[in-house]
$ cat structure.cif   # mmCIF, C-alpha atoms
data_structure
loop_
_atom_site.label_atom_id
_atom_site.label_comp_id
_atom_site.auth_asym_id
_atom_site.auth_seq_id
_atom_site.Cartn_x
_atom_site.Cartn_y
_atom_site.Cartn_z
CA VAL A 198 -70.63 147.93 12.73
CA PHE A 199 -74.27 147.32 11.82
CA CYS A 200 -76.13 145.34 14.47
CA MET A 201 -79.61 144.02 13.76
CA LYS A 202 -81.83 143.47 16.79
CA VAL A 203 -82.94 139.86 17.09
CA GLN A 204 -86.72 139.61 17.24
CA LYS A 205 -88.63 137.42 19.67
CA ALA A 206 -91.55 135.08 19.09
CA ALA A 207 -93.67 133.55 21.85
CA ILE A 208 -95.22 130.17 21.21
CA ILE A 209 -98.08 129.15 23.48
CA GLY A 210 -98.54 125.39 23.25
CA GLY A 211 -95.61 123.16 22.37
CA GLY A 212 -97.30 120.28 20.58
CA VAL A 213 -96.71 119.34 16.96
CA ILE A 214 -97.91 122.68 15.57
CA GLY A 215 -96.42 124.85 18.31
CA GLY A 216 -93.14 122.95 18.02
CA GLY A 217 -93.15 123.50 14.27
CA TRP A 218 -93.68 127.23 14.78
CA ALA A 219 -90.84 127.32 17.29
CA ALA A 220 -88.54 125.59 14.81
CA ARG A 221 -89.55 127.89 11.94
CA PHE A 222 -88.82 131.04 13.93
CA LEU A 223 -85.74 129.72 15.74
CA LEU A 224 -84.01 128.43 12.61
CA ASN A 225 -84.65 131.76 10.92
CA GLY A 226 -82.76 133.66 13.61
CA TRP A 227 -85.54 134.64 16.00
CA ASN A 228 -85.38 134.11 19.74
CA VAL A 229 -88.26 131.93 20.88
CA ASP A 230 -89.96 131.60 24.24
CA ILE A 231 -92.34 128.65 24.61
CA PHE A 232 -94.95 128.14 27.26
CA ASP A 233 -96.51 124.71 27.63
CA PRO A 234 -97.45 123.16 31.00
CA ASP A 235 -96.91 119.61 29.65
CA PRO A 236 -93.92 118.09 31.50
CA GLU A 237 -92.95 116.37 28.22
CA ALA A 238 -92.92 119.64 26.23
CA GLY A 239 -89.13 119.94 26.24
CA ARG A 240 -88.64 116.46 24.82
CA LYS A 241 -91.35 116.99 22.19
CA ILE A 242 -89.83 120.31 21.09
CA ASP A 243 -86.36 118.73 20.92
CA ASP A 244 -87.72 116.03 18.59
CA VAL A 245 -89.34 118.59 16.28
CA LEU A 246 -86.20 120.74 16.28
CA ALA A 247 -84.00 117.76 15.37
CA ASN A 248 -86.20 117.06 12.34
CA ALA A 249 -86.30 120.73 11.38
CA ARG A 250 -82.53 121.14 11.64
CA ARG A 251 -82.12 118.26 9.17
CA ALA A 252 -84.84 119.34 6.73
CA LEU A 253 -85.14 123.12 6.64
CA PRO A 254 -81.68 124.04 5.28
CA GLY A 255 -82.41 121.99 2.15
CA LEU A 256 -85.30 124.28 1.25
CA TYR A 257 -83.21 127.42 0.94
CA ASN A 258 -80.78 128.51 -1.76
CA ARG A 259 -78.90 130.51 0.87
CA ALA A 260 -77.48 129.82 4.31
CA LEU A 261 -79.87 130.13 7.20
CA PRO A 262 -79.07 132.86 9.73
CA ASN A 263 -77.60 132.00 13.10
CA GLU A 264 -80.13 130.10 15.14
CA GLY A 265 -81.99 132.11 17.75
CA ARG A 266 -82.19 131.33 21.46
CA LEU A 267 -84.83 128.88 22.72
CA ARG A 268 -86.21 129.32 26.23
CA PHE A 269 -89.06 127.66 28.11
CA ALA A 270 -91.12 130.21 30.01
CA THR A 271 -92.87 129.43 33.28
CA SER A 272 -96.00 131.40 32.35
CA MET A 273 -97.78 132.85 29.33
CA GLU A 274 -97.12 136.33 30.70
CA GLU A 275 -93.38 135.65 30.84
CA ALA A 276 -93.36 134.14 27.34
CA VAL A 277 -95.01 137.12 25.64
CA LYS A 278 -92.89 139.81 27.29
CA ASN A 279 -91.15 141.76 24.47
CA ALA A 280 -92.44 139.36 21.79
CA LEU A 281 -93.19 140.78 18.36
CA TRP A 282 -95.04 137.60 17.28
CA ILE A 283 -97.27 135.54 19.60
CA GLN A 284 -98.56 132.25 18.24
CA GLU A 285 -101.34 130.46 20.11
CA SER A 286 -101.29 126.72 19.40
CA VAL A 287 -103.38 125.25 22.20
CA PRO A 288 -106.00 122.47 21.76
CA GLU A 289 -108.98 123.14 19.49
CA ARG A 290 -111.48 124.01 22.21
CA LEU A 291 -113.02 127.45 21.98
CA ASP A 292 -113.32 127.86 25.78
CA VAL A 293 -109.61 127.08 26.20
CA LYS A 294 -108.65 129.42 23.37
CA HIS A 295 -110.79 132.22 24.83
CA GLY A 296 -109.05 131.93 28.20
CA VAL A 297 -105.58 131.87 26.65
CA LEU A 298 -106.30 134.69 24.19
CA GLU A 299 -107.67 136.89 26.99
CA ILE A 300 -104.37 136.60 28.87
CA LEU A 301 -102.25 137.05 25.74
CA SER A 302 -104.23 140.11 24.58
CA ALA A 303 -103.82 141.75 27.98
CA GLU A 304 -100.08 141.03 28.18
CA LYS A 305 -98.87 141.62 24.63
CA ALA A 306 -97.08 144.73 23.44
CA ASN A 307 -99.24 147.08 21.36
CA ASN A 308 -97.33 146.34 18.15
CA ALA A 309 -97.19 142.56 18.67
CA ILE A 310 -99.05 140.24 16.30
CA LEU A 311 -101.29 137.76 18.10
CA ALA A 312 -102.13 134.80 15.89
CA SER A 313 -103.93 131.51 16.37
CA SER A 314 -102.99 128.27 14.63
CA THR A 315 -106.63 127.19 14.70
CA SER A 316 -107.99 125.10 11.86
CA GLY A 317 -111.62 125.33 12.90
CA PHE A 318 -112.45 128.73 14.36
CA LYS A 319 -112.93 132.07 12.63
CA PRO A 320 -111.27 135.23 13.98
CA SER A 321 -114.70 136.60 14.96
CA GLN A 322 -115.24 133.54 17.17
CA LEU A 323 -111.78 133.82 18.72
CA ASN A 324 -112.24 137.54 19.37
CA GLU A 325 -115.83 137.47 20.68
CA LYS A 326 -114.58 137.85 24.29
CA GLY A 327 -112.41 140.90 23.46
CA ALA A 328 -109.17 139.39 22.14
CA SER A 329 -107.41 140.96 19.16
CA CYS A 330 -106.24 137.95 17.18
CA ILE A 331 -105.86 136.84 13.60
CA VAL A 332 -105.82 133.29 12.31
CA ALA A 333 -102.44 132.15 11.01
CA HIS A 334 -103.24 128.55 10.09
CA PRO A 335 -100.11 126.70 8.95
CA PHE A 336 -99.67 123.58 6.92
CA ASN A 337 -97.93 120.78 8.79
CA PRO A 338 -95.05 120.46 9.45
CA VAL A 339 -94.76 124.21 9.93
CA TYR A 340 -90.96 124.20 9.64
CA LEU A 341 -91.08 122.44 6.26
CA LEU A 342 -94.22 123.60 4.44
CA PRO A 343 -94.15 127.35 3.78
CA LEU A 344 -97.84 127.96 3.01
CA ILE A 345 -99.99 129.61 5.64
CA GLU A 346 -103.55 130.95 5.64
CA LEU A 347 -104.07 134.39 7.15
CA VAL A 348 -107.59 135.44 8.15
CA GLY A 349 -108.71 138.51 10.05
CA ASP A 350 -108.09 142.24 10.28
CA PRO A 351 -106.56 143.31 6.93
CA GLN A 352 -103.86 145.57 8.41
CA ILE A 353 -102.77 143.03 11.01
CA CYS A 354 -102.71 140.34 8.30
CA ALA A 355 -100.57 142.62 6.08
CA ASP A 356 -98.12 143.19 8.95
CA ALA A 357 -98.14 139.46 9.70
CA ALA A 358 -97.45 138.63 6.05
CA ASP A 359 -94.33 140.82 6.12
CA ILE A 360 -92.96 138.92 9.12
CA LEU A 361 -93.90 135.55 7.67
CA HIS A 362 -92.06 136.34 4.43
CA GLU A 363 -88.96 137.10 6.53
CA ILE A 364 -89.04 133.57 7.95
CA GLY A 365 -89.49 131.92 4.57
CA MET A 366 -93.25 131.47 4.52
CA TYR A 367 -95.79 132.22 1.79
CA PRO A 368 -98.98 133.68 3.28
CA LEU A 369 -102.30 133.10 1.55
CA ARG A 370 -104.63 135.96 2.50
CA VAL A 371 -108.21 134.79 3.00
CA ARG A 372 -110.22 137.97 2.54
CA LYS A 373 -113.50 136.75 4.02
CA GLU A 374 -114.17 134.56 7.02
CA ILE A 375 -115.45 131.14 6.05
CA ASP A 376 -115.75 127.89 7.95
CA ALA A 377 -112.45 125.97 7.91
CA HIS A 378 -110.87 129.03 6.20
#

$ encode --input "structure.cif" --output "structure tokens"
Amino acid sequence: VFCMKVQKAAIIGGGVIGGGWAARFLLNGWNVDIFDPDPEAGRKIDDVLANARRALPGLYNRALPNEGRLRFATSMEEAVKNALWIQESVPERLDVKHGVLEILSAEKANNAILASSTSGFKPSQLNEKGASCIVAHPFNPVYLLPLIELVGDPQICADAADILHEIGMYPLRVRKEIDAH
């Protein structure tokens, strides 16, 4: 019997964008760990997932895989353990992103993709404190709209594009950093 290993994504920040990422991965068969200190994060994610479960199947001409497992982590370190994809979706403040990306870069597996949902910062700005991150800027809602801008290291972006195709997304590779991508 052939058994495919289920992959894991870590979502850091469970707001509208983070919740959309969680839904996109989860409904495409990935296990998802979310870290968000907001006490309302669970309710917010449940709302996004309910919408995604209604809408996403209508976009495919095939059945979706079995839904992955959703888990709320108690720390960023716990969330990223064994994750192949790590999506940072925290507020658009560079100082906050730098602090989060420093932790995520130190904790991630060597082969894991670390991506930011930012709409306003370039990878060079995100990485100026030593992080190794690309920009994976989605259109909203993430679970419904398949286009995504990828900016950053060409090899990491190529690897990221392969994963994003697997979860039904269409990456647009931005080959040069520009403001607002």

$ resolve_selection --input "structure.cif" --expression "the PyMOL selection byres ((chain A and resi 280) around 10)" --output "PDB file with C-alpha atoms, keeping the file's coordinate frame"
ATOM      1  CA  GLN A 204     -86.720 139.610  17.240  1.00  0.00           C
ATOM      2  CA  LYS A 205     -88.630 137.420  19.670  1.00  0.00           C
ATOM      3  CA  ALA A 206     -91.550 135.080  19.090  1.00  0.00           C
ATOM      4  CA  ALA A 207     -93.670 133.550  21.850  1.00  0.00           C
ATOM      5  CA  ILE A 208     -95.220 130.170  21.210  1.00  0.00           C
ATOM      6  CA  ASN A 228     -85.380 134.110  19.740  1.00  0.00           C
ATOM      7  CA  VAL A 229     -88.260 131.930  20.880  1.00  0.00           C
ATOM      8  CA  ASP A 230     -89.960 131.600  24.240  1.00  0.00           C
ATOM      9  CA  GLU A 275     -93.380 135.650  30.840  1.00  0.00           C
ATOM     10  CA  ALA A 276     -93.360 134.140  27.340  1.00  0.00           C
ATOM     11  CA  VAL A 277     -95.010 137.120  25.640  1.00  0.00           C
ATOM     12  CA  LYS A 278     -92.890 139.810  27.290  1.00  0.00           C
ATOM     13  CA  ASN A 279     -91.150 141.760  24.470  1.00  0.00           C
ATOM     14  CA  LEU A 281     -93.190 140.780  18.360  1.00  0.00           C
ATOM     15  CA  TRP A 282     -95.040 137.600  17.280  1.00  0.00           C
ATOM     16  CA  ILE A 283     -97.270 135.540  19.600  1.00  0.00           C
ATOM     17  CA  LYS A 305     -98.870 141.620  24.630  1.00  0.00           C
ATOM     18  CA  ALA A 306     -97.080 144.730  23.440  1.00  0.00           C
ATOM     19  CA  ASN A 308     -97.330 146.340  18.150  1.00  0.00           C
ATOM     20  CA  ALA A 309     -97.190 142.560  18.670  1.00  0.00           C
ATOM     21  CA  ILE A 310     -99.050 140.240  16.300  1.00  0.00           C
ATOM     22  CA  LEU A 311    -101.290 137.760  18.100  1.00  0.00           C
TER      23      LEU A 311
END

$ closest_residue --input "structure.cif" --among "A:Arg290, A:Ile242, A:Pro254, A:Trp218" --to "Ile345 in chain A" --atoms "all atoms listed in the file"
A:Trp218

$ resolve_selection --input "structure.cif" --expression "the PyMOL selection byres ((chain A and resi 318-332) around 8)" --output "number ranges by chain"
A: 291, 294-295, 298-299, 302, 310-317, 333-334, 346-350, 353-354, 374-378

$ atom_distance --input "structure.cif" --atom1 "CA of Asp233 in chain A" --atom2 "CA of Leu369 in chain A"
28.0 Å

$ atom_distance --input "structure.cif" --atom1 "CA of Leu344 in chain A" --atom2 "CA of Gly265 in chain A"
22.0 Å

$ residues_around --input "structure.cif" --residues "range 234-239 of chain A" --least-positions-apart "5" --cutoff "12 Å" --atoms "all atoms listed in the file" --output "PDB file with C-alpha atoms, in the frame of the given file"
ATOM      1  CA  ILE A 208     -95.220 130.170  21.210  1.00  0.00           C
ATOM      2  CA  ILE A 209     -98.080 129.150  23.480  1.00  0.00           C
ATOM      3  CA  GLY A 210     -98.540 125.390  23.250  1.00  0.00           C
ATOM      4  CA  GLY A 211     -95.610 123.160  22.370  1.00  0.00           C
ATOM      5  CA  GLY A 212     -97.300 120.280  20.580  1.00  0.00           C
ATOM      6  CA  VAL A 213     -96.710 119.340  16.960  1.00  0.00           C
ATOM      7  CA  GLY A 215     -96.420 124.850  18.310  1.00  0.00           C
ATOM      8  CA  GLY A 216     -93.140 122.950  18.020  1.00  0.00           C
ATOM      9  CA  ALA A 219     -90.840 127.320  17.290  1.00  0.00           C
ATOM     10  CA  ASP A 244     -87.720 116.030  18.590  1.00  0.00           C
ATOM     11  CA  VAL A 245     -89.340 118.590  16.280  1.00  0.00           C
ATOM     12  CA  LEU A 246     -86.200 120.740  16.280  1.00  0.00           C
ATOM     13  CA  LEU A 267     -84.830 128.880  22.720  1.00  0.00           C
ATOM     14  CA  ARG A 268     -86.210 129.320  26.230  1.00  0.00           C
ATOM     15  CA  PHE A 269     -89.060 127.660  28.110  1.00  0.00           C
ATOM     16  CA  ALA A 270     -91.120 130.210  30.010  1.00  0.00           C
ATOM     17  CA  THR A 271     -92.870 129.430  33.280  1.00  0.00           C
ATOM     18  CA  SER A 272     -96.000 131.400  32.350  1.00  0.00           C
ATOM     19  CA  MET A 273     -97.780 132.850  29.330  1.00  0.00           C
ATOM     20  CA  VAL A 287    -103.380 125.250  22.200  1.00  0.00           C
TER      21      VAL A 287
END

$ axis_aligned_box --input "structure.cif" --around "range 218-225 of chain A" --padding-each-side "5 Å" --output "AutoDock Vina command-line options"
--center_x -88.8 --center_y 128.7 --center_z 14.1 --size_x 19.7 --size_y 16.2 --size_z 16.4

$ residues_around --input "structure.cif" --residues "Ile214 in chain A" --least-positions-apart "3" --cutoff "7 Å" --atoms "only C-alpha atoms" --output "PyMOL selection string"
chain A and resi 217-218+286+339

$ write_last_selection --input "structure.cif" --atoms "C-alpha atoms" --output "mmCIF file, keeping the file's coordinate frame"
data_model
loop_
_atom_site.group_PDB
_atom_site.id
_atom_site.type_symbol
_atom_site.label_atom_id
_atom_site.label_comp_id
_atom_site.auth_asym_id
_atom_site.auth_seq_id
_atom_site.Cartn_x
_atom_site.Cartn_y
_atom_site.Cartn_z
ATOM 1 C CA GLY A 217 -93.150 123.500 14.270
ATOM 2 C CA TRP A 218 -93.680 127.230 14.780
ATOM 3 C CA SER A 286 -101.290 126.720 19.400
ATOM 4 C CA VAL A 339 -94.760 124.210 9.930
#

$ atom_distance --input "structure.cif" --atom1 "CA of Tyr257 in chain A" --atom2 "CA of Arg370 in chain A"
23.1 Å

$ closest_residue --input "structure.cif" --among "A:Ile360, A:Val371, A:Val297, A:Leu342" --to "Ala249 in chain A" --atoms "all atoms listed in the file"
A:Leu342

$ closest_residue --input "structure.cif" --among "A:Arg259, A:Pro368, A:Leu224, A:Pro288" --to "Asp356 in chain A" --atoms "all atoms listed in the file"
A:Pro368

$ closest_residue --input "structure.cif" --among "A:Asn225, A:Asn307, A:Gln284, A:Asn248" --to "Leu261 in chain A" --atoms "all atoms listed in the file"
A:Asn225

$ closest_residue --input "structure.cif" --among "A:Glu285, A:Glu274, A:Glu264, A:Glu304" --to "Arg250 in chain A" --atoms "all atoms listed in the file"
A:Glu264

$ residues_near_point --input "structure.cif" --point "(-88.2, 138.2, 5.9)" --cutoff "12 Å" --atoms "only C-alpha atoms" --output "list of chain:residue names"
A:Gln204, A:Phe222, A:Asn225, A:Gly226, A:Trp227, A:Leu261, A:Pro262, A:Asp356, A:Ala357, A:Ala358, A:Asp359, A:Ile360, A:Leu361, A:His362, A:Glu363, A:Ile364, A:Gly365, A:Met366, A:Tyr367, A:Pro368

$ decode --input "structure.cif" --residues "range 305-317 of chain A" --atoms "all heavy atoms" --output "short mmCIF file (atom, residue, chain, number, x, y, z; two decimals), in the first residue's frame"
data_model
loop_
_atom_site.label_atom_id
_atom_site.label_comp_id
_atom_site.auth_asym_id
_atom_site.auth_seq_id
_atom_site.Cartn_x
_atom_site.Cartn_y
_atom_site.Cartn_z
N LYS A 305 13.30 27.07 12.24
CA LYS A 305 12.81 26.29 11.10
C LYS A 305 13.80 25.21 10.67
O LYS A 305 15.00 25.35 10.89
CB LYS A 305 12.48 27.21 9.92
CG LYS A 305 13.69 27.71 9.15
CD LYS A 305 13.26 28.60 7.99
CE LYS A 305 14.38 28.92 7.06
NZ LYS A 305 14.87 27.81 6.26
N ALA A 306 13.27 24.17 10.06
CA ALA A 306 14.12 23.14 9.46
C ALA A 306 14.85 23.75 8.26
O ALA A 306 14.36 24.70 7.64
CB ALA A 306 13.27 21.95 9.02
N ASN A 307 16.01 23.20 7.94
CA ASN A 307 16.82 23.75 6.84
C ASN A 307 16.07 23.79 5.51
O ASN A 307 16.26 24.71 4.72
CB ASN A 307 18.11 22.95 6.68
CG ASN A 307 19.10 23.23 7.78
OD1 ASN A 307 19.04 24.28 8.43
ND2 ASN A 307 20.00 22.31 8.02
N ASN A 308 15.22 22.80 5.25
CA ASN A 308 14.54 22.75 3.96
C ASN A 308 13.18 23.46 3.97
O ASN A 308 12.50 23.48 2.96
CB ASN A 308 14.35 21.29 3.52
CG ASN A 308 13.43 20.53 4.46
OD1 ASN A 308 13.30 20.85 5.64
ND2 ASN A 308 12.80 19.49 3.94
N ALA A 309 12.81 24.05 5.10
CA ALA A 309 11.50 24.70 5.18
C ALA A 309 11.51 26.04 4.46
O ALA A 309 12.51 26.76 4.46
CB ALA A 309 11.12 24.92 6.64
N ILE A 310 10.40 26.35 3.83
CA ILE A 310 10.20 27.66 3.19
C ILE A 310 9.65 28.60 4.24
O ILE A 310 8.66 28.28 4.91
CB ILE A 310 9.18 27.55 2.03
CG1 ILE A 310 9.60 26.48 1.06
CG2 ILE A 310 8.91 28.91 1.43
CD1 ILE A 310 10.21 26.89 -0.20
N LEU A 311 10.28 29.74 4.40
CA LEU A 311 9.78 30.79 5.28
C LEU A 311 9.32 31.93 4.40
O LEU A 311 10.11 32.50 3.63
CB LEU A 311 10.88 31.25 6.24
CG LEU A 311 10.56 32.44 7.15
CD1 LEU A 311 9.31 32.18 7.99
CD2 LEU A 311 11.76 32.77 8.04
N ALA A 312 8.02 32.25 4.49
CA ALA A 312 7.43 33.26 3.62
C ALA A 312 6.63 34.26 4.44
O ALA A 312 6.05 33.92 5.46
CB ALA A 312 6.52 32.58 2.59
N SER A 313 6.62 35.49 3.96
CA SER A 313 5.85 36.55 4.60
C SER A 313 4.69 36.95 3.69
O SER A 313 4.85 37.05 2.48
CB SER A 313 6.73 37.78 4.86
OG SER A 313 5.96 38.85 5.36
N SER A 314 3.55 37.22 4.30
CA SER A 314 2.37 37.67 3.56
C SER A 314 2.40 39.18 3.31
O SER A 314 1.44 39.72 2.79
CB SER A 314 1.09 37.35 4.36
OG SER A 314 0.95 35.97 4.54
N THR A 315 3.48 39.83 3.67
CA THR A 315 3.53 41.29 3.61
C THR A 315 3.06 41.86 2.27
O THR A 315 3.30 41.28 1.22
CB THR A 315 4.96 41.80 3.91
OG1 THR A 315 4.93 43.22 4.02
CG2 THR A 315 5.95 41.39 2.82
N SER A 316 2.43 43.02 2.36
CA SER A 316 2.05 43.73 1.14
C SER A 316 2.89 44.98 0.98
O SER A 316 2.78 45.67 -0.03
CB SER A 316 0.56 44.10 1.19
OG SER A 316 0.31 44.93 2.30
N GLY A 317 3.74 45.29 1.95
CA GLY A 317 4.45 46.55 1.88
C GLY A 317 5.95 46.50 2.05
O GLY A 317 6.62 47.51 1.84
#
